[in-house]
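Here is the structure we will look at.
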Amino acid sequence: MLGNPSAVASALAGKNGVQPVSKAKSERLVNLLIMMLSARGFVSKHRIRSTIEGYRHQSDGAFERMFERDKEELRTAGVPIVTGSNDPDLDVEDGYRIERSDFELPPTSFTPEELAVLGAAASVWQDSVAAQQTTDALETLRAAGADPDPGRLMTLRPRIPAEPGFDTVREALLARREIRFEYKGQPRRVQPWRLSQRRGRWYVVGYDLVREAPRNFKLSRITSVVQAVGIANSYTVPADARIAEHVQFDRDDEAATAVVALRDGFGGELRRSAQPTSCGVSIPVGFSAWQVKYSRPDILVGDICQLGADAICLSPPELREAVVQQLSDVAQRWEA
(Lines give C-alpha, C1' and ligand atoms only; values in the text may rest on other atoms or scores of the structure.)
Protein backbone atom coordinates (compact mmCIF):
# COMPACT_ATOMS: atom_id res chain seq x y z
CA MET A 1 0.00 0.00 0.00
CA LEU A 2 1.07 3.57 -0.66
CA GLY A 3 2.82 4.99 2.39
CA ASN A 4 2.59 8.36 4.09
CA PRO A 5 -0.25 9.74 1.91
CA SER A 6 -1.37 12.25 4.53
CA ALA A 7 2.13 13.75 4.74
CA VAL A 8 2.19 14.34 0.98
CA ALA A 9 -1.35 15.73 1.00
CA SER A 10 -0.54 18.01 3.95
CA ALA A 11 2.53 19.37 2.19
CA LEU A 12 0.58 20.13 -0.98
CA ALA A 13 -2.21 21.75 1.05
CA GLY A 14 0.21 23.98 2.94
CA LYS A 15 0.07 22.25 6.35
CA ASN A 16 2.87 21.41 8.75
CA GLY A 17 4.75 24.62 8.05
CA VAL A 18 4.88 24.12 4.27
CA GLN A 19 3.66 26.99 2.13
CA PRO A 20 0.46 26.20 0.18
CA VAL A 21 0.92 25.59 -3.54
CA SER A 22 -1.21 26.55 -6.53
CA LYS A 23 -3.57 24.10 -8.22
CA ALA A 24 -1.29 23.86 -11.28
CA LYS A 25 1.74 23.13 -9.12
CA SER A 26 -0.17 20.58 -7.05
CA GLU A 27 -1.19 18.74 -10.22
CA ARG A 28 2.38 18.80 -11.48
CA LEU A 29 3.77 17.41 -8.22
CA VAL A 30 1.15 14.66 -8.06
CA ASN A 31 1.80 13.71 -11.68
CA LEU A 32 5.55 13.59 -11.01
CA LEU A 33 4.96 11.44 -7.92
CA ILE A 34 2.73 8.98 -9.79
CA MET A 35 5.09 8.77 -12.76
CA MET A 36 8.14 7.92 -10.66
CA LEU A 37 6.21 5.58 -8.37
CA SER A 38 4.64 3.55 -11.18
CA ALA A 39 7.78 3.25 -13.33
CA ARG A 40 9.49 -0.17 -13.54
CA GLY A 41 12.89 1.44 -13.94
CA PHE A 42 14.49 4.88 -13.78
CA VAL A 43 12.61 7.62 -15.62
CA SER A 44 14.79 9.96 -17.63
CA LYS A 45 14.57 13.70 -17.18
CA HIS A 46 13.75 14.02 -20.90
CA ARG A 47 10.78 11.68 -20.56
CA ILE A 48 9.54 13.53 -17.46
CA ARG A 49 9.75 16.85 -19.27
CA SER A 50 7.94 15.61 -22.38
CA THR A 51 5.21 13.77 -20.46
CA ILE A 52 4.14 16.11 -17.65
CA GLU A 53 2.10 19.06 -18.87
CA GLY A 54 3.56 21.56 -16.43
CA TYR A 55 7.09 21.03 -17.75
CA ARG A 56 6.41 20.58 -21.46
CA HIS A 57 6.41 24.20 -22.61
CA GLN A 58 9.10 25.58 -20.30
CA SER A 59 12.48 26.83 -21.53
CA ASP A 60 15.53 24.73 -20.64
CA GLY A 61 16.52 26.97 -17.73
CA ALA A 62 12.98 27.33 -16.37
CA PHE A 63 12.42 23.57 -16.54
CA GLU A 64 15.66 22.81 -14.68
CA ARG A 65 14.81 25.22 -11.86
CA MET A 66 11.20 24.03 -11.63
CA PHE A 67 12.17 20.35 -11.65
CA GLU A 68 14.78 20.79 -8.91
CA ARG A 69 12.30 22.65 -6.71
CA ASP A 70 9.63 20.00 -7.25
CA LYS A 71 11.99 17.16 -6.32
CA GLU A 72 13.00 18.99 -3.18
CA GLU A 73 9.38 19.59 -2.15
CA LEU A 74 8.51 15.91 -2.60
CA ARG A 75 11.55 14.86 -0.58
CA THR A 76 10.57 17.32 2.16
CA ALA A 77 7.14 15.64 2.22
CA GLY A 78 8.82 12.29 2.83
CA VAL A 79 9.01 10.90 -0.71
CA PRO A 80 12.26 8.88 -1.20
CA ILE A 81 13.37 9.90 -4.70
CA VAL A 82 16.54 8.12 -5.88
CA THR A 83 18.68 8.65 -8.96
CA GLY A 84 20.27 6.05 -11.20
CA SER A 85 20.49 4.58 -14.68
CA ASN A 86 18.76 1.69 -16.41
CA ASP A 87 22.05 0.84 -18.13
CA PRO A 88 24.48 -0.74 -15.63
CA ASP A 89 27.39 0.00 -17.95
CA LEU A 90 26.88 3.76 -17.73
CA ASP A 91 28.31 5.83 -14.90
CA VAL A 92 25.86 8.68 -15.53
CA GLU A 93 22.81 8.73 -13.29
CA ASP A 94 20.26 10.17 -15.67
CA GLY A 95 17.00 8.82 -14.26
CA TYR A 96 14.71 9.04 -11.26
CA ARG A 97 12.41 6.66 -9.42
CA ILE A 98 10.76 6.07 -6.05
CA GLU A 99 11.69 2.94 -4.15
CA ARG A 100 8.33 1.43 -3.27
CA SER A 101 9.84 -0.58 -0.41
CA ASP A 102 10.87 2.70 1.28
CA PHE A 103 7.55 4.38 0.60
CA GLU A 104 5.08 1.62 1.41
CA LEU A 105 3.66 1.09 4.88
CA PRO A 106 4.52 -2.23 6.53
CA PRO A 107 1.73 -4.79 7.02
CA THR A 108 -0.48 -3.60 9.85
CA SER A 109 -3.15 -5.50 11.75
CA PHE A 110 -5.40 -4.76 14.70
CA THR A 111 -7.54 -6.87 16.98
CA PRO A 112 -11.35 -6.42 16.75
CA GLU A 113 -11.23 -4.56 20.06
CA GLU A 114 -8.53 -2.18 18.79
CA LEU A 115 -10.50 -1.50 15.60
CA ALA A 116 -13.58 -0.74 17.70
CA VAL A 117 -11.61 1.80 19.74
CA LEU A 118 -10.21 3.40 16.57
CA GLY A 119 -13.68 3.65 15.09
CA ALA A 120 -15.08 5.24 18.23
CA ALA A 121 -12.19 7.71 18.45
CA ALA A 122 -12.73 8.74 14.84
CA SER A 123 -16.35 9.56 15.68
CA VAL A 124 -15.63 11.79 18.67
CA TRP A 125 -15.05 15.03 16.80
CA GLN A 126 -17.98 15.41 14.41
CA ASP A 127 -18.59 19.13 13.91
CA SER A 128 -15.19 20.83 14.07
CA VAL A 129 -11.89 21.32 12.29
CA ALA A 130 -10.59 18.17 13.97
CA ALA A 131 -13.01 16.09 11.91
CA GLN A 132 -10.68 16.40 8.90
CA GLN A 133 -7.75 15.24 10.98
CA THR A 134 -9.57 12.07 12.03
CA THR A 135 -10.53 11.48 8.39
CA ASP A 136 -6.87 11.71 7.38
CA ALA A 137 -5.94 9.29 10.15
CA LEU A 138 -8.53 6.76 8.99
CA GLU A 139 -7.27 6.99 5.40
CA THR A 140 -3.74 6.25 6.58
CA LEU A 141 -4.94 3.24 8.61
CA ARG A 142 -6.88 1.86 5.65
CA ALA A 143 -3.82 2.31 3.45
CA ALA A 144 -2.01 0.07 5.93
CA GLY A 145 -4.66 -2.63 5.62
CA ALA A 146 -6.75 -1.83 8.70
CA ASP A 147 -10.47 -1.18 8.45
CA PRO A 148 -11.86 0.69 11.47
CA ASP A 149 -15.58 1.15 10.96
CA PRO A 150 -16.96 4.15 12.87
CA GLY A 151 -20.33 3.68 11.16
CA ARG A 152 -21.13 0.62 13.27
CA LEU A 153 -20.56 2.72 16.38
CA MET A 154 -22.49 5.77 15.21
CA THR A 155 -25.34 5.42 17.69
CA LEU A 156 -23.19 4.75 20.73
CA ARG A 157 -20.24 6.95 19.94
CA PRO A 158 -18.97 9.44 22.50
CA ARG A 159 -19.39 13.05 21.51
CA ILE A 160 -17.39 16.19 22.05
CA PRO A 161 -19.71 18.69 20.38
CA ALA A 162 -18.32 21.87 18.93
CA GLU A 163 -20.12 24.95 20.20
CA PRO A 164 -20.51 28.26 18.34
CA GLY A 165 -17.10 29.77 17.69
CA PHE A 166 -15.17 26.64 18.70
CA ASP A 167 -13.33 26.23 15.39
CA THR A 168 -12.30 29.88 15.22
CA VAL A 169 -11.14 29.94 18.85
CA ARG A 170 -9.15 26.73 18.40
CA GLU A 171 -7.42 27.93 15.24
CA ALA A 172 -6.66 31.32 16.78
CA LEU A 173 -5.25 29.69 19.91
CA LEU A 174 -2.93 27.48 17.85
CA ALA A 175 -1.82 30.46 15.75
CA ARG A 176 -1.57 32.83 18.75
CA ARG A 177 -4.00 35.32 17.22
CA GLU A 178 -6.42 37.69 18.97
CA ILE A 179 -10.14 36.89 18.88
CA ARG A 180 -13.04 39.33 19.04
CA PHE A 181 -16.64 38.59 20.03
CA GLU A 182 -19.55 39.76 22.13
CA TYR A 183 -20.06 38.09 25.49
CA LYS A 184 -23.42 38.62 27.14
CA GLY A 185 -23.83 41.58 24.80
CA GLN A 186 -20.46 43.19 25.64
CA PRO A 187 -17.59 43.47 23.11
CA ARG A 188 -14.44 41.54 24.06
CA ARG A 189 -10.92 41.30 22.64
CA VAL A 190 -9.08 38.25 23.93
CA GLN A 191 -5.73 36.56 23.50
CA PRO A 192 -6.76 32.88 23.96
CA TRP A 193 -4.56 30.70 26.19
CA ARG A 194 -6.42 27.42 26.64
CA LEU A 195 -9.62 25.57 25.71
CA SER A 196 -11.15 23.35 28.40
CA GLN A 197 -14.21 21.13 28.54
CA ARG A 198 -16.44 20.18 31.46
CA ARG A 199 -19.76 18.34 31.39
CA GLY A 200 -19.98 18.72 27.62
CA ARG A 201 -19.40 22.48 27.63
CA TRP A 202 -16.37 24.36 26.30
CA TYR A 203 -14.56 27.26 27.99
CA VAL A 204 -11.72 29.47 26.78
CA VAL A 205 -9.40 31.28 29.16
CA GLY A 206 -7.18 34.10 27.97
CA TYR A 207 -6.11 37.69 28.43
CA ASP A 208 -8.99 40.14 28.01
CA LEU A 209 -7.55 43.22 26.31
CA VAL A 210 -10.67 45.25 27.15
CA ARG A 211 -10.62 44.43 30.87
CA GLU A 212 -6.81 44.25 30.91
CA ALA A 213 -6.88 41.03 32.95
CA PRO A 214 -7.15 37.26 32.49
CA ARG A 215 -10.73 36.11 32.00
CA ASN A 216 -12.64 32.86 31.49
CA PHE A 217 -15.45 32.58 28.90
CA LYS A 218 -18.09 29.90 28.32
CA LEU A 219 -18.46 29.48 24.56
CA SER A 220 -22.22 28.92 24.72
CA ARG A 221 -22.60 32.42 26.19
CA ILE A 222 -20.87 34.14 23.27
CA THR A 223 -23.55 36.23 21.54
CA SER A 224 -21.83 37.01 18.22
CA VAL A 225 -19.65 35.48 15.55
CA VAL A 226 -16.09 34.93 16.78
CA GLN A 227 -13.46 36.60 14.61
CA ALA A 228 -9.70 35.99 14.59
CA VAL A 229 -7.77 39.20 13.89
CA GLY A 230 -4.19 40.35 13.60
CA ILE A 231 -1.02 38.46 12.77
CA ALA A 232 0.04 35.06 14.06
CA ASN A 233 2.36 34.68 17.06
CA SER A 234 1.37 38.11 18.36
CA TYR A 235 1.50 37.13 22.05
CA THR A 236 3.04 34.61 24.43
CA VAL A 237 1.00 32.08 26.40
CA PRO A 238 1.92 32.00 30.11
CA ALA A 239 2.91 28.90 32.04
CA ASP A 240 0.27 26.22 32.71
CA ALA A 241 0.22 26.97 36.43
CA ARG A 242 -0.79 30.59 35.82
CA ILE A 243 -3.46 29.58 33.30
CA ALA A 244 -4.92 27.05 35.74
CA GLU A 245 -5.52 29.85 38.27
CA HIS A 246 -8.06 31.43 35.94
CA VAL A 247 -9.91 28.35 34.60
CA GLN A 248 -13.44 28.38 36.00
CA PHE A 249 -16.44 26.17 35.30
CA ASP A 250 -20.13 26.47 36.10
CA ARG A 251 -20.98 25.54 39.65
CA ASP A 252 -22.46 22.10 40.15
CA ASP A 253 -25.67 23.59 41.52
CA GLU A 254 -26.40 24.86 37.99
CA ALA A 255 -26.65 21.26 36.75
CA ALA A 256 -29.56 18.82 36.82
CA THR A 257 -29.39 15.65 38.89
CA ALA A 258 -29.82 12.03 37.81
CA VAL A 259 -29.77 8.77 39.76
CA VAL A 260 -27.89 5.87 38.20
CA ALA A 261 -27.40 2.34 39.53
CA LEU A 262 -23.85 1.12 38.91
CA ARG A 263 -22.55 -2.41 39.22
CA ASP A 264 -20.07 -2.68 42.08
CA GLY A 265 -16.53 -2.19 40.84
CA PHE A 266 -17.64 -0.61 37.56
CA GLY A 267 -18.54 2.88 36.41
CA GLY A 268 -15.11 4.44 35.93
CA GLU A 269 -15.29 8.18 35.32
CA LEU A 270 -19.05 8.30 35.91
CA ARG A 271 -18.63 6.87 39.42
CA ARG A 272 -15.77 9.28 40.22
CA SER A 273 -18.00 12.28 39.50
CA ALA A 274 -21.00 10.92 41.45
CA GLN A 275 -22.11 10.62 45.07
CA PRO A 276 -23.72 7.59 46.80
CA THR A 277 -27.44 8.00 47.33
CA SER A 278 -30.65 6.10 48.15
CA CYS A 279 -33.08 5.55 45.32
CA GLY A 280 -36.26 4.19 46.93
CA VAL A 281 -36.68 1.49 44.27
CA SER A 282 -35.47 -2.08 43.97
CA ILE A 283 -32.18 -2.51 42.12
CA PRO A 284 -30.32 -5.72 41.17
CA VAL A 285 -27.99 -7.39 43.66
CA GLY A 286 -24.44 -6.15 43.20
CA PHE A 287 -25.54 -2.64 42.22
CA SER A 288 -25.63 0.59 44.23
CA ALA A 289 -27.34 3.93 43.52
CA TRP A 290 -25.36 7.07 42.68
CA GLN A 291 -26.36 10.69 42.25
CA VAL A 292 -24.89 12.32 39.13
CA LYS A 293 -24.99 16.03 38.31
CA TYR A 294 -25.09 16.96 34.62
CA SER A 295 -25.75 19.92 32.35
CA ARG A 296 -25.95 18.08 29.02
CA PRO A 297 -28.44 15.18 28.89
CA ASP A 298 -27.00 13.85 25.61
CA ILE A 299 -23.53 13.56 27.16
CA LEU A 300 -24.80 11.65 30.20
CA VAL A 301 -26.93 9.37 28.02
CA GLY A 302 -23.81 8.43 26.05
CA ASP A 303 -21.81 7.84 29.24
CA ILE A 304 -24.49 5.52 30.65
CA CYS A 305 -24.95 3.61 27.39
CA GLN A 306 -21.22 2.98 27.06
CA LEU A 307 -21.30 1.10 30.37
CA GLY A 308 -23.82 -1.36 28.92
CA ALA A 309 -25.15 -3.83 31.48
CA ASP A 310 -23.08 -2.22 34.25
CA ALA A 311 -25.32 0.88 34.52
CA ILE A 312 -29.07 1.43 34.92
CA CYS A 313 -30.59 4.91 34.63
CA LEU A 314 -33.25 5.28 37.34
CA SER A 315 -34.27 8.94 37.10
CA PRO A 316 -35.34 11.40 35.86
CA PRO A 317 -37.88 9.62 33.60
CA GLU A 318 -36.99 11.60 30.45
CA LEU A 319 -33.31 10.70 30.82
CA ARG A 320 -34.18 7.03 31.40
CA GLU A 321 -36.31 7.04 28.23
CA ALA A 322 -33.44 8.55 26.23
CA VAL A 323 -31.07 5.82 27.47
CA VAL A 324 -33.55 3.07 26.60
CA GLN A 325 -34.07 4.57 23.13
CA GLN A 326 -30.36 4.80 22.40
CA LEU A 327 -29.71 1.23 23.55
CA SER A 328 -32.63 0.03 21.43
CA ASP A 329 -31.15 1.81 18.41
CA VAL A 330 -27.82 0.10 19.06
CA ALA A 331 -29.47 -3.32 19.29
CA GLN A 332 -31.28 -2.76 15.99
CA ARG A 333 -28.09 -1.58 14.27
CA TRP A 334 -26.17 -4.71 15.28
CA GLU A 335 -29.03 -6.96 14.20
CA ALA A 336 -28.88 -5.49 10.70
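We label chains A, B, ... in the order they appear in the C-alpha coordinates, count residues from 1 in each chain, and number ligands from 1 in the order shown.
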
| said: Which residues are near Ala213 of chain A? Cut-off 12 Å, only C-alpha atoms, ignore same chain within fewer than 6 positions. Put them as number ranges by chain. | reply: A: 188-191, 205-207, 243, 246

| query | If you measure from atom CA of Arg263 of chain A to atom CA of Pro316 of chain A, what distance in Å do you get, rounded to one decimal? | reply |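 So the two atoms, atom CA of Arg263 of chain A and atom CA of Pro316 of chain A, lie 19.1 Å apart.
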
Taken to one decimal, the atom CA of Ile222 of chain A-atom CA of Val292 of chain A distance is 27.3 Å

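Residues in contact with segment 174-185 of chain A at up to 8 Å, not including ones fewer than 3 positions away on its chain and judged by only C-alpha atoms, are Val169, Arg170, Glu171, Arg188, Arg189, Val190, Gln191, Pro192, Phe217, Arg221, Ile222, Thr223, Ser224, Val225, Val226, Gln227, Ala228, Val229, Gly230, Ile231, Ala232, Asn233, Ser234, Tyr235 and Thr236 of chain A.
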
Nearest to Tyr55 of chain A, restricted to only C-alpha atoms and choosing among A:Ile81, A:Val281, A:Leu29, A:Ala311, comes out as A:Leu29
